[in-house]
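> Sharing entry_37.cif (mmCIF, C-alpha atoms and all ligand atoms) below.
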```
data_work
loop_
_atom_site.label_atom_id
_atom_site.label_comp_id
_atom_site.auth_asym_id
_atom_site.auth_seq_id
_atom_site.Cartn_x
_atom_site.Cartn_y
_atom_site.Cartn_z
CA MET A 1 -20.81 -3.95 15.95
CA THR A 2 -22.78 -2.46 13.05
CA THR A 3 -20.66 -1.02 10.27
CA THR A 4 -22.04 2.07 8.53
CA VAL A 5 -20.81 3.13 5.10
CA THR A 6 -21.31 6.83 4.46
CA ALA A 7 -20.68 9.40 1.72
CA PRO A 8 -18.12 12.05 2.77
CA THR A 9 -20.71 14.73 3.64
CA GLU A 10 -19.89 17.52 6.07
CA SER A 11 -22.00 15.96 8.79
CA ALA A 12 -20.44 12.51 8.22
CA LEU A 13 -16.96 14.00 8.59
CA ILE A 14 -17.99 15.73 11.83
CA GLU A 15 -19.33 12.42 13.15
CA ALA A 16 -16.12 10.66 12.04
CA GLY A 17 -14.04 13.22 13.92
CA GLU A 18 -16.14 12.65 17.04
CA LEU A 19 -15.70 8.88 16.79
CA ILE A 20 -11.91 9.28 16.49
CA ARG A 21 -11.73 11.60 19.50
CA ALA A 22 -13.86 9.07 21.43
CA GLY A 23 -11.23 6.39 20.79
CA GLU A 24 -12.91 4.55 17.89
CA ASN A 25 -11.55 3.52 14.46
CA VAL A 26 -12.82 4.92 11.14
CA ALA A 27 -11.92 3.77 7.62
CA PHE A 28 -11.21 6.60 5.18
CA PRO A 29 -10.10 7.02 1.56
CA THR A 30 -6.69 8.32 0.51
CA GLU A 31 -5.23 8.69 -3.00
CA THR A 32 -3.20 5.49 -2.47
CA VAL A 33 -5.47 2.98 -0.66
CA TYR A 34 -8.09 3.15 2.11
CA GLY A 35 -6.74 3.56 5.64
CA LEU A 36 -8.08 2.50 9.05
CA ALA A 37 -7.70 5.46 11.41
CA ALA A 38 -7.18 5.99 15.12
CA ASN A 39 -6.09 8.98 17.17
CA ALA A 40 -2.29 8.59 17.05
CA TYR A 41 -1.99 9.80 20.65
CA ASP A 42 -4.50 7.26 22.00
CA GLU A 43 -2.79 3.95 22.71
CA LYS A 44 -6.07 2.06 23.27
CA ALA A 45 -7.59 3.31 20.02
CA VAL A 46 -4.42 2.31 18.16
CA HIS A 47 -4.56 -1.13 19.74
CA LYS A 48 -8.11 -1.57 18.35
CA ILE A 49 -6.71 -1.22 14.82
CA PHE A 50 -4.42 -4.20 15.35
CA VAL A 51 -7.36 -6.24 16.64
CA ALA A 52 -9.72 -5.24 13.79
CA LYS A 53 -7.15 -6.10 11.11
CA GLY A 54 -5.57 -9.11 12.82
CA ARG A 55 -2.28 -7.27 12.33
CA PRO A 56 0.95 -8.46 13.99
CA GLY A 57 1.81 -6.07 16.83
CA ASP A 58 5.40 -5.63 15.62
CA ASN A 59 4.36 -3.95 12.34
CA PRO A 60 4.29 -0.16 12.90
CA LEU A 61 1.68 2.28 11.56
CA ILE A 62 2.00 5.46 9.50
CA VAL A 63 0.94 8.73 11.16
CA HIS A 64 -1.11 10.94 8.80
CA ILE A 65 -1.22 14.73 9.00
CA SER A 66 -3.09 17.41 7.06
CA ALA A 67 -0.80 20.38 7.78
CA ILE A 68 2.99 20.52 8.03
CA GLU A 69 2.97 22.19 11.49
CA GLN A 70 1.52 18.97 12.95
CA ILE A 71 4.77 17.13 12.28
CA TYR A 72 6.63 18.88 15.09
CA ASP A 73 4.48 17.14 17.73
CA ILE A 74 5.24 13.78 16.11
CA ILE A 75 8.96 13.87 15.31
CA ASN A 76 11.92 14.63 17.53
CA GLY A 77 13.67 17.85 16.49
CA GLU A 78 13.80 19.33 12.99
CA MET A 79 13.10 17.55 9.70
CA PRO A 80 16.37 16.34 8.10
CA LYS A 81 17.39 18.38 5.05
CA ASN A 82 16.49 15.77 2.41
CA ALA A 83 13.13 15.10 4.03
CA LYS A 84 12.34 18.81 4.00
CA LEU A 85 13.14 19.10 0.28
CA LEU A 86 11.02 16.04 -0.50
CA ALA A 87 8.13 17.23 1.66
CA ASP A 88 8.19 20.55 -0.22
CA ALA A 89 8.08 18.70 -3.53
CA TYR A 90 5.69 15.79 -2.84
CA TRP A 91 3.51 16.56 0.19
CA PRO A 92 0.61 16.27 0.13
CA GLY A 93 0.99 13.01 -1.80
CA PRO A 94 1.84 9.29 -1.79
CA LEU A 95 5.14 9.66 0.11
CA THR A 96 5.79 8.40 3.67
CA MET A 97 9.02 9.37 5.42
CA ILE A 98 10.74 7.96 8.51
CA PHE A 99 11.81 10.26 11.37
CA GLU A 100 13.04 9.98 14.97
CA LYS A 101 9.85 9.95 17.00
CA SER A 102 8.76 12.37 19.71
CA SER A 103 7.78 11.07 23.13
CA ARG A 104 4.12 11.95 22.44
CA ILE A 105 3.75 9.03 20.02
CA PRO A 106 2.91 5.84 21.91
CA ASP A 107 4.90 2.65 21.34
CA ALA A 108 1.78 0.93 19.97
CA VAL A 109 2.03 3.16 16.85
CA THR A 110 5.70 2.49 16.15
CA ALA A 111 5.81 -1.10 17.43
CA GLY A 112 8.43 0.01 19.91
CA LEU A 113 10.78 1.51 17.27
CA SER A 114 12.49 4.82 18.00
CA THR A 115 11.34 6.06 14.59
CA VAL A 116 7.93 7.08 13.25
CA ALA A 117 6.58 7.04 9.67
CA VAL A 118 4.71 10.20 8.61
CA ARG A 119 2.64 11.01 5.53
CA MET A 120 0.47 13.91 4.38
CA PRO A 121 -2.14 12.46 2.00
CA ALA A 122 -3.42 14.46 -0.97
CA HIS A 123 -6.99 13.13 -1.18
CA ASP A 124 -9.51 15.90 -0.40
CA VAL A 125 -11.62 13.61 1.78
CA ALA A 126 -8.56 12.34 3.68
CA ARG A 127 -7.49 15.90 4.41
CA ALA A 128 -10.98 17.02 5.45
CA PHE A 129 -11.26 13.93 7.68
CA ILE A 130 -7.90 14.56 9.41
CA ASP A 131 -8.91 18.22 9.89
CA ALA A 132 -12.20 17.10 11.43
CA CYS A 133 -10.34 14.79 13.83
CA GLY A 134 -8.08 17.58 15.08
CA VAL A 135 -5.36 15.05 15.96
CA PRO A 136 -2.73 13.19 13.91
CA ILE A 137 -4.12 9.93 12.57
CA ALA A 138 -2.34 6.58 12.87
CA ALA A 139 -3.52 4.40 10.00
CA PRO A 140 -2.49 1.23 8.22
CA SER A 141 -4.26 0.07 5.07
CA ALA A 142 -7.88 -0.85 5.90
CA ASN A 143 -7.69 -4.53 4.87
CA LEU A 144 -7.63 -7.68 6.95
CA SER A 145 -3.98 -8.55 7.49
CA GLY A 146 -2.77 -10.75 4.62
CA LYS A 147 -5.35 -9.43 2.08
CA PRO A 148 -4.56 -6.91 -0.66
CA SER A 149 -4.92 -3.29 0.44
CA PRO A 150 -8.44 -1.95 -0.25
CA THR A 151 -8.88 0.48 -3.12
CA THR A 152 -12.66 0.88 -2.77
CA ALA A 153 -15.04 1.22 0.19
CA GLU A 154 -16.54 -2.10 -0.88
CA HIS A 155 -13.18 -3.85 -0.38
CA VAL A 156 -13.02 -2.34 3.12
CA PHE A 157 -16.58 -3.45 3.89
CA ASN A 158 -15.88 -6.98 2.68
CA ASP A 159 -12.88 -7.24 5.02
CA LEU A 160 -13.97 -5.23 8.07
CA ASN A 161 -17.78 -5.47 8.25
CA GLY A 162 -18.67 -5.85 11.94
CA ARG A 163 -15.16 -4.83 13.05
CA VAL A 164 -15.31 -1.03 12.59
CA PRO A 165 -18.16 1.44 13.21
CA LEU A 166 -17.73 3.68 10.16
CA ILE A 167 -16.37 3.58 6.60
CA ILE A 168 -16.18 6.84 4.65
CA ASP A 169 -16.74 6.08 0.96
CA GLY A 170 -14.66 8.39 -1.23
CA GLY A 171 -14.84 6.26 -4.39
CA ALA A 172 -11.98 4.33 -5.98
CA CYS A 173 -8.41 5.31 -5.06
CA ASP A 174 -6.32 7.10 -7.69
CA VAL A 175 -2.90 5.51 -7.28
CA GLY A 176 -4.15 2.09 -6.16
CA LEU A 177 -0.90 1.01 -4.43
CA GLU A 178 0.34 2.07 -0.99
CA SER A 179 2.62 5.08 -0.55
CA THR A 180 6.38 5.08 -1.05
CA VAL A 181 8.11 4.51 2.30
CA LEU A 182 11.43 6.38 2.39
CA ASP A 183 14.09 6.67 5.05
CA ALA A 184 15.38 10.16 4.32
CA ARG A 185 17.48 10.58 7.45
CA THR A 186 20.71 9.78 5.63
CA ASP A 187 22.65 11.56 2.84
CA ILE A 188 21.45 8.96 0.36
CA PRO A 189 17.85 8.17 1.32
CA MET A 190 16.59 4.63 0.92
CA VAL A 191 13.27 3.48 -0.52
CA LEU A 192 11.94 0.80 1.85
CA ARG A 193 8.69 0.33 -0.08
CA PRO A 194 8.21 1.68 -3.64
CA GLY A 195 5.01 3.58 -4.42
CA GLY A 196 3.51 6.54 -6.26
CA VAL A 197 6.51 8.80 -5.65
CA THR A 198 9.07 6.92 -7.75
CA PRO A 199 12.88 6.71 -7.28
CA GLU A 200 13.18 8.84 -10.43
CA MET A 201 10.97 11.54 -8.84
CA ILE A 202 13.03 11.45 -5.63
CA GLU A 203 16.29 11.66 -7.58
CA SER A 204 15.07 14.69 -9.48
CA VAL A 205 14.78 16.58 -6.18
CA ILE A 206 17.78 15.38 -4.13
CA GLY A 207 20.09 13.83 -6.72
CA ASN A 208 20.52 10.36 -5.29
CA VAL A 209 18.44 7.57 -3.81
CA SER A 210 18.92 3.87 -3.13
CA VAL A 211 16.35 1.09 -3.13
CA ASP A 212 16.37 -1.55 -0.39
CA PRO A 213 17.39 -4.85 -2.07
CA SER A 214 14.50 -6.67 -0.40
CA VAL A 215 12.07 -4.72 -2.61
CA MET A 216 12.54 -7.19 -5.43
CA LYS A 217 13.36 -10.46 -3.69
CA LEU A 218 12.17 -12.87 -1.04
CA LEU A 219 13.70 -12.30 2.36
CA ALA A 220 15.75 -15.04 3.97
CA LYS A 221 14.16 -16.38 7.15
CA ASN A 222 15.18 -14.31 10.20
CA ALA A 223 16.80 -11.60 8.03
CA THR A 224 16.98 -8.19 9.71
CA VAL A 225 14.76 -5.69 7.93
CA ARG A 226 14.66 -1.90 7.86
CA SER A 227 10.89 -1.85 7.57
CA PRO A 228 8.98 -4.48 9.55
CA GLY A 229 6.25 -4.69 6.89
CA MET A 230 8.75 -6.42 4.59
CA LYS A 231 8.76 -9.49 6.77
CA TYR A 232 5.19 -10.42 6.14
CA LYS A 233 3.82 -12.34 3.21
CA HIS A 234 1.42 -9.83 1.71
CA TYR A 235 -1.13 -9.57 -1.04
CA ALA A 236 -1.14 -13.26 -1.93
CA PRO A 237 -4.16 -14.56 -3.89
CA ASN A 238 -5.47 -18.08 -3.22
CA GLY A 239 -4.54 -19.29 -6.72
CA ALA A 240 -0.91 -20.00 -7.63
CA LEU A 241 0.45 -16.84 -9.25
CA THR A 242 3.28 -16.99 -11.79
CA ILE A 243 4.80 -13.89 -13.39
CA VAL A 244 6.40 -14.04 -16.82
CA LYS A 245 8.79 -11.41 -18.14
CA GLY A 246 10.47 -10.78 -21.48
CA ASP A 247 9.50 -9.82 -25.00
CA ALA A 248 5.67 -9.62 -25.34
CA GLU A 249 5.30 -12.41 -27.93
CA CYS A 250 7.64 -14.77 -26.03
CA VAL A 251 5.77 -14.00 -22.81
CA ALA A 252 2.43 -14.78 -24.45
CA LYS A 253 3.76 -18.04 -25.88
CA THR A 254 5.18 -19.14 -22.50
CA ILE A 255 1.95 -18.23 -20.72
CA CYS A 256 -0.21 -20.01 -23.32
CA ASP A 257 1.89 -23.18 -22.94
CA MET A 258 1.56 -23.13 -19.15
CA TYR A 259 -2.14 -22.29 -19.35
CA ASP A 260 -2.83 -25.14 -21.78
CA SER A 261 -1.03 -27.76 -19.71
CA ALA A 262 -2.28 -26.60 -16.28
CA GLU A 263 -4.80 -28.55 -14.24
CA GLY A 264 -7.85 -26.68 -12.94
CA GLU A 265 -9.14 -23.29 -13.96
CA SER A 266 -6.64 -20.60 -15.00
CA CYS A 267 -6.71 -16.88 -15.72
CA ILE A 268 -4.20 -14.63 -17.48
CA LEU A 269 -3.50 -11.04 -16.37
CA ALA A 270 -2.38 -9.09 -19.43
CA LEU A 271 -1.96 -5.55 -20.71
CA ASP A 272 -4.73 -4.47 -23.12
CA LYS A 273 -2.36 -4.29 -26.08
CA HIS A 274 -1.41 -7.96 -25.62
CA ILE A 275 -4.83 -9.49 -25.01
CA ALA A 276 -5.23 -10.61 -28.63
CA LEU A 277 -2.10 -12.78 -28.25
CA TYR A 278 -4.00 -15.10 -25.89
CA GLY A 279 -6.75 -16.14 -28.31
CA ASN A 280 -9.88 -17.32 -26.53
CA ARG A 281 -8.20 -18.19 -23.22
CA ARG A 282 -9.55 -16.51 -20.08
CA VAL A 283 -7.87 -13.09 -19.75
CA HIS A 284 -8.37 -10.31 -17.20
CA SER A 285 -7.25 -6.84 -18.32
CA LEU A 286 -4.47 -5.08 -16.40
CA GLY A 287 -5.08 -1.85 -18.33
CA GLU A 288 -2.96 0.07 -20.79
CA ASP A 289 0.24 0.86 -18.91
CA ALA A 290 2.05 0.50 -15.57
CA SER A 291 0.04 3.25 -13.88
CA GLU A 292 -3.22 1.54 -14.85
CA VAL A 293 -1.81 -1.75 -13.60
CA ALA A 294 -1.02 -0.02 -10.28
CA ASN A 295 -4.57 1.26 -10.16
CA ARG A 296 -6.20 -2.11 -10.85
CA LEU A 297 -3.81 -4.66 -9.39
CA PHE A 298 -5.34 -5.13 -5.94
CA ASP A 299 -8.87 -5.25 -7.30
CA CYS A 300 -7.65 -7.79 -9.83
CA LEU A 301 -6.12 -10.01 -7.15
CA ARG A 302 -9.32 -9.85 -5.08
CA GLU A 303 -11.28 -10.72 -8.23
CA MET A 304 -9.07 -13.80 -8.78
CA ASP A 305 -10.06 -14.98 -5.29
CA ASN A 306 -13.74 -14.23 -5.95
CA ILE A 307 -13.85 -16.29 -9.12
CA GLY A 308 -11.66 -18.91 -7.44
CA VAL A 309 -9.14 -19.71 -10.19
CA LYS A 310 -6.41 -22.20 -9.39
CA ASN A 311 -3.65 -20.78 -11.61
CA ILE A 312 -2.92 -17.14 -12.41
CA TYR A 313 -0.38 -16.10 -15.05
CA ALA A 314 0.60 -12.43 -15.07
CA GLU A 315 2.65 -10.42 -17.54
CA ALA A 316 5.52 -8.51 -15.91
CA VAL A 317 5.87 -4.77 -16.49
CA SER A 318 9.11 -2.76 -16.69
CA THR A 319 10.44 -1.62 -13.30
CA ASP A 320 10.81 2.00 -14.48
CA GLY A 321 8.77 4.64 -12.65
CA ILE A 322 5.64 3.29 -10.93
CA GLY A 323 6.52 -0.09 -12.50
CA LEU A 324 8.89 -0.76 -9.58
CA ALA A 325 5.97 -0.55 -7.12
CA VAL A 326 3.82 -2.75 -9.37
CA MET A 327 6.51 -5.42 -9.65
CA ASN A 328 7.20 -5.27 -5.88
CA ARG A 329 3.51 -5.98 -5.07
CA LEU A 330 2.99 -8.46 -7.90
CA GLY A 331 6.32 -10.11 -7.08
CA ARG A 332 5.46 -10.53 -3.42
CA ALA A 333 2.01 -11.88 -4.27
CA ALA A 334 3.84 -14.54 -6.31
CA ALA A 335 6.59 -15.12 -3.70
CA PHE A 336 8.81 -13.70 -6.51
CA ARG A 337 8.14 -16.61 -8.81
CA ILE A 338 9.17 -14.72 -11.96
CA ILE A 339 9.92 -16.76 -15.08
CA GLU A 340 11.90 -15.39 -18.00
CA ALA A 341 10.04 -16.21 -21.22
CA GLY A 342 11.92 -18.56 -23.51
CA LYS A 343 14.31 -19.63 -20.74
CA GLY A 344 12.14 -22.29 -19.12
O1 LIG B 1 -0.49 4.50 1.27
C1 LIG B 1 -0.27 4.13 2.41
O2 LIG B 1 0.87 4.15 2.92
C2 LIG B 1 -1.47 3.59 3.22
C3 LIG B 1 -2.42 4.75 3.45
C4 LIG B 1 -3.57 4.38 4.34
O3 LIG B 1 -1.73 5.85 3.93
N1 LIG B 1 -1.02 3.02 4.44
C5 LIG B 1 -0.34 1.85 4.49
O4 LIG B 1 -0.04 1.45 5.78
O5 LIG B 1 -0.05 1.21 3.52
P1 LIG B 1 0.50 0.01 6.13
O6 LIG B 1 0.49 -0.04 7.61
O7 LIG B 1 -0.28 -0.99 5.44
O8 LIG B 1 1.99 0.03 5.68
C6 LIG B 1 2.95 0.82 6.39
C7 LIG B 1 4.34 0.34 6.07
C8 LIG B 1 4.62 -1.02 6.67
O9 LIG B 1 5.35 -1.77 5.74
C9 LIG B 1 5.45 -0.67 7.91
O10 LIG B 1 6.31 -1.71 8.27
C10 LIG B 1 6.20 0.56 7.44
O11 LIG B 1 5.27 1.26 6.65
N2 LIG B 1 6.59 1.40 8.58
C11 LIG B 1 5.80 2.06 9.45
N3 LIG B 1 6.53 2.69 10.39
C12 LIG B 1 7.82 2.44 10.10
C13 LIG B 1 9.07 2.79 10.72
N4 LIG B 1 9.12 3.55 11.80
N5 LIG B 1 10.21 2.34 10.13
C14 LIG B 1 10.17 1.57 9.01
N6 LIG B 1 9.02 1.20 8.39
C15 LIG B 1 7.87 1.61 8.93
MG MG B 2 -0.98 -2.70 4.74
#
```
Before we go any further, please render this structure as structure tokens.


Amino acid sequence: MTTTVTAPTESALIEAGELIRAGENVAFPTETVYGLAANAYDEKAVHKIFVAKGRPGDNPLIVHISAIEQIYDIINGEMPKNAKLLADAYWPGPLTMIFEKSSRIPDAVTAGLSTVAVRMPAHDVARAFIDACGVPIAAPSANLSGKPSPTTAEHVFNDLNGRVPLIIDGGACDVGLESTVLDARTDIPMVLRPGGVTPEMIESVIGNVSVDPSVMKLLAKNATVRSPGMKYKHYAPNGALTIVKGDAECVAKTICDMYDSAEGESCILALDKHIALYGNRRVHSLGEDASEVANRLFDCLREMDNIGVKNIYAEAVSTDGIGLAVMNRLGRAAAFRIIEAGKG
């Protein structure tokens, strides 16, 4: 199959909508990461997504909408109270919520679960694309399974060339990490995957939120999980990644010691303000603050694979705000190998 990459012109969006209604897959930009779309009502089209990505069939997809009315064909009954408040506050945006599913949504989308994940993205091109499709869009991130989520059309092309007919290029994604996945069916909603809508932002609307403990640790084998995506080893670069946390100077000293005694080529991932602490060692910038780290992290990890370094040493960031999502992705990429500086 030939893969075309197109700018998001009006005619390209019309063609994309036609492809989706004909049962094909199309990659499209959102403010979080690129998604790989299928008509959520078309079981065969949804199945093609799993084949294109090499995705395990028991990992459910998010259904994307562009208008709130669409949700009532997707979920069973009304939106729970907390979900309604959060949708008012953060939709469109990087927030996915879990609902009881309606019978219209095929099992292929939800991997047989009785629940369905729904999100209304904020990206103009994503919204125009969903409008052009005229159906709700089931879409996971548009990477090969096991690779970091794509934050540019080029990342998508590198992973899915020959596997999808069309990629809509909307430039680099704003947030750079996948959406927050929240189960808001209960009195105290639970964050299953942290993202651009932070626990602090959720708390400010509904007063209380919990975070699934598996967000910041490795799961035991055969553990039961609330979100199937947690089971899979994600976002892991080829090089051995070690994260170091603590006071900036201690972190730099610990990283320099490891770097100097390591065999093979190494690279350090550091915040701009700390780069000078690493002298003339090889450093890759993570940006100025946690939101820039979020924005660059996946590109950075892909870059580490491209240059083929054997050891990667990354500075930790604080888990406040978007930092929780950063440390969840970085942590998982490192199998949660997080060293405290100065403590061996
Ligand atoms: O930002 C995003 O969320 C991007 C863009 C394209 O919207 N999509 C994305 O999809 O990251 P994906 O498939 O890579 O991640 C979806 C996550 C998975 O961890 C999956 O297990 C979880 O959402 N999920 C989907 N349906 C669920 C359900 N019914 N219950 C619990 N978790 C669910
Ligand atoms: Mg994904």

> Using only C-alpha atoms and all ligand atoms for the distances, tell me which of A:Gly287, A:Gly331, A:Gly246, A:Pro60 is nearest to ligand LIG 1 (chain B).

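Among the listed residues, the smallest separation from ligand LIG 1 (chain B) belongs to A:Pro60.
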
> With a distance cut-off of 7 Å and all atoms listed in the file, select the neighbouring residues of Glu265 (chain A), excluding the residue or stretch itself and same-chain residues fewer than 3 positions from it, and output the selection as a list of chain:residue names.

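Those residues are A:Val309, A:Lys310, A:Asn311.
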
> Give me, as CSV, the closest atom pair and its distance (Å, one decimal) for every residue of chain A within a cut-off of 8 Å of ligand MG 2 (chain B), counting all atoms listed in the file, rows sorted by chain and rising number.


```
residue,atom,partner,partner_atom,distance
A:Pro140,CA,B:MG2,MG,5.5
A:Ser141,CA,B:MG2,MG,4.3
A:Ala142,CA,B:MG2,MG,7.2
A:Asn143,CA,B:MG2,MG,7.0
A:Ser145,CA,B:MG2,MG,7.1
A:Pro148,CA,B:MG2,MG,7.7
A:Ser149,CA,B:MG2,MG,5.9
A:Glu178,CA,B:MG2,MG,7.6
A:Gly229,CA,B:MG2,MG,7.8
```

> Residues within 7 Å of ligand LIG 1 (chain B) should be enumerated using all atoms listed in the file and returned as a ChimeraX atom specification.

/A:30,32-36,59-62,94,96,98,110,113,115-117,119,121,139-142,177-181,226-230

> Using the selection just defined, write its residues with C-alpha atoms as an mmCIF file, in the frame of the given file.


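Wrote again10.cif, looks like this:
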```cif
data_model
loop_
_atom_site.group_PDB
_atom_site.id
_atom_site.type_symbol
_atom_site.label_atom_id
_atom_site.label_comp_id
_atom_site.auth_asym_id
_atom_site.auth_seq_id
_atom_site.Cartn_x
_atom_site.Cartn_y
_atom_site.Cartn_z
ATOM 1 C CA THR A 30 -6.690 8.320 0.510
ATOM 2 C CA THR A 32 -3.200 5.490 -2.470
ATOM 3 C CA VAL A 33 -5.470 2.980 -0.660
ATOM 4 C CA TYR A 34 -8.090 3.150 2.110
ATOM 5 C CA GLY A 35 -6.740 3.560 5.640
ATOM 6 C CA LEU A 36 -8.080 2.500 9.050
ATOM 7 C CA ASN A 59 4.360 -3.950 12.340
ATOM 8 C CA PRO A 60 4.290 -0.160 12.900
ATOM 9 C CA LEU A 61 1.680 2.280 11.560
ATOM 10 C CA ILE A 62 2.000 5.460 9.500
ATOM 11 C CA PRO A 94 1.840 9.290 -1.790
ATOM 12 C CA THR A 96 5.790 8.400 3.670
ATOM 13 C CA ILE A 98 10.740 7.960 8.510
ATOM 14 C CA THR A 110 5.700 2.490 16.150
ATOM 15 C CA LEU A 113 10.780 1.510 17.270
ATOM 16 C CA THR A 115 11.340 6.060 14.590
ATOM 17 C CA VAL A 116 7.930 7.080 13.250
ATOM 18 C CA ALA A 117 6.580 7.040 9.670
ATOM 19 C CA ARG A 119 2.640 11.010 5.530
ATOM 20 C CA PRO A 121 -2.140 12.460 2.000
ATOM 21 C CA ALA A 139 -3.520 4.400 10.000
ATOM 22 C CA PRO A 140 -2.490 1.230 8.220
ATOM 23 C CA SER A 141 -4.260 0.070 5.070
ATOM 24 C CA ALA A 142 -7.880 -0.850 5.900
ATOM 25 C CA LEU A 177 -0.900 1.010 -4.430
ATOM 26 C CA GLU A 178 0.340 2.070 -0.990
ATOM 27 C CA SER A 179 2.620 5.080 -0.550
ATOM 28 C CA THR A 180 6.380 5.080 -1.050
ATOM 29 C CA VAL A 181 8.110 4.510 2.300
ATOM 30 C CA ARG A 226 14.660 -1.900 7.860
ATOM 31 C CA SER A 227 10.890 -1.850 7.570
ATOM 32 C CA PRO A 228 8.980 -4.480 9.550
ATOM 33 C CA GLY A 229 6.250 -4.690 6.890
ATOM 34 C CA MET A 230 8.750 -6.420 4.590
#
```

> Which of these residues is nearest to Glu69 (chain A), using all atoms listed in the file: A:Met120, A:Ala240, A:Met97, A:Met216?

A:Met120

> Which is closest to Asn238 (chain A) among A:Ala184, A:Val156, A:Ala16, A:Ile312, if we use all atoms listed in the file?

A:Ile312

> Would you list the residues near (2.2, -10.6, -10.1) (no more than 12 Å away, in the coordinates of the file, using all atoms listed in the file) as a short mmCIF file (atom, residue, chain, number, x, y, z; two decimals) with C-alpha atoms, in the frame of the given file?


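The file below, result30.cif, is the result:
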```
data_model
loop_
_atom_site.label_atom_id
_atom_site.label_comp_id
_atom_site.auth_asym_id
_atom_site.auth_seq_id
_atom_site.Cartn_x
_atom_site.Cartn_y
_atom_site.Cartn_z
CA MET A 216 12.54 -7.19 -5.43
CA HIS A 234 1.42 -9.83 1.71
CA TYR A 235 -1.13 -9.57 -1.04
CA ALA A 236 -1.14 -13.26 -1.93
CA PRO A 237 -4.16 -14.56 -3.89
CA GLY A 239 -4.54 -19.29 -6.72
CA ALA A 240 -0.91 -20.00 -7.63
CA LEU A 241 0.45 -16.84 -9.25
CA THR A 242 3.28 -16.99 -11.79
CA ILE A 243 4.80 -13.89 -13.39
CA VAL A 244 6.40 -14.04 -16.82
CA LYS A 245 8.79 -11.41 -18.14
CA ILE A 268 -4.20 -14.63 -17.48
CA LEU A 269 -3.50 -11.04 -16.37
CA ALA A 270 -2.38 -9.09 -19.43
CA LEU A 286 -4.47 -5.08 -16.40
CA VAL A 293 -1.81 -1.75 -13.60
CA ALA A 294 -1.02 -0.02 -10.28
CA ARG A 296 -6.20 -2.11 -10.85
CA LEU A 297 -3.81 -4.66 -9.39
CA PHE A 298 -5.34 -5.13 -5.94
CA CYS A 300 -7.65 -7.79 -9.83
CA LEU A 301 -6.12 -10.01 -7.15
CA MET A 304 -9.07 -13.80 -8.78
CA ASN A 311 -3.65 -20.78 -11.61
CA ILE A 312 -2.92 -17.14 -12.41
CA TYR A 313 -0.38 -16.10 -15.05
CA ALA A 314 0.60 -12.43 -15.07
CA GLU A 315 2.65 -10.42 -17.54
CA ALA A 316 5.52 -8.51 -15.91
CA VAL A 317 5.87 -4.77 -16.49
CA GLY A 323 6.52 -0.09 -12.50
CA LEU A 324 8.89 -0.76 -9.58
CA ALA A 325 5.97 -0.55 -7.12
CA VAL A 326 3.82 -2.75 -9.37
CA MET A 327 6.51 -5.42 -9.65
CA ASN A 328 7.20 -5.27 -5.88
CA ARG A 329 3.51 -5.98 -5.07
CA LEU A 330 2.99 -8.46 -7.90
CA GLY A 331 6.32 -10.11 -7.08
CA ARG A 332 5.46 -10.53 -3.42
CA ALA A 333 2.01 -11.88 -4.27
CA ALA A 334 3.84 -14.54 -6.31
CA ALA A 335 6.59 -15.12 -3.70
CA PHE A 336 8.81 -13.70 -6.51
CA ARG A 337 8.14 -16.61 -8.81
CA ILE A 338 9.17 -14.72 -11.96
CA ILE A 339 9.92 -16.76 -15.08
#
```

> Could you name the residues that touch Thr3 (chain A) at 9 Å or less, counting all atoms listed in the file, but leaving out those on the same chain fewer than 3 positions away, as a PyMOL selection string?

chain A and resi 157+160-167

> Which is closer to Thr6 (chain A) than all the others in A:Gly134, A:Leu86, A:Thr151, A:Gly170, using all atoms listed in the file?

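Nearest to Thr6 (chain A): A:Gly170.
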
> Please identify all polymer residues within 12 Å of Val225 (chain A), counting all atoms listed in the file, omitting same-chain residues fewer than 2 positions from it, and present them as a list in words.

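Here the qualifying residues turn out to be Asn59, Leu192, Arg193, Asp212, Pro213, Ser214, Val215, Leu218, Leu219, Ala220, Lys221, Asn222, Ala223, Ser227, Pro228, Gly229, Met230, Lys231 and Tyr232 of chain A.
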
> How many Å lie between CA of Asn158 (chain A) and CA of Arg302 (chain A), rounded to one decimal?

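Taking CA of Asn158 (chain A) as the start and CA of Arg302 (chain A) as the end point, the length is 10.6 Å.
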
> What is the CA of Asp272 (chain A) to CA of Glu292 (chain A) distance in Å?

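Taking CA of Asp272 (chain A) as the start and CA of Glu292 (chain A) as the end point, the length is 10.3 Å.
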
> In Å, rounded to a single decimal, give me how far CA of Phe50 (chain A) is from CA of Asn76 (chain A).

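CA of Phe50 (chain A) lies at a distance of 25.0 Å from CA of Asn76 (chain A).
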
> Ala132 (chain A): which residues within 8 Å, counting all atoms listed in the file, same-chain residues fewer than 5 positions away excluded, as a ChimeraX atom specification?

/A:13-14,16-17

> Near Ile202 (chain A), counting only C-alpha atoms, which residues have an atom at most 10 Å away, once you skip same-chain residues fewer than 5 positions from it, shown as a list in words?

Asn82, Leu85, Leu86, Ala89, Tyr90, Leu95, Leu182, Pro189, Val191, Val197, Gly207, Asn208, Val209 and Ser210 of chain A

> Which residue out of A:Lys217, A:Lys44, A:Lys147, A:Lys253 has the minimum interatomic distance to Tyr278 (chain A) when all atoms listed in the file are used?

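The answer is A:Lys253, which sits nearest to Tyr278 (chain A).
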
> Pick the closest to Asp73 (chain A) from A:Pro136, A:Gly93, A:Gly146, A:Gly23: which is it, counting all atoms listed in the file?

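Using all atoms listed in the file, Asp73 (chain A) sits closest to A:Pro136.
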
> Starting from 8 Å padding per side, set up an axis-aligned box that covers all listed atoms of region 23-40 of chain A and hand over centre and edge lengths in Å, one decimal, as JSON.


```
{"center_x": -7.6, "center_y": 5.7, "center_z": 8.9, "size_x": 26.6, "size_y": 22.5, "size_z": 39.8}
```
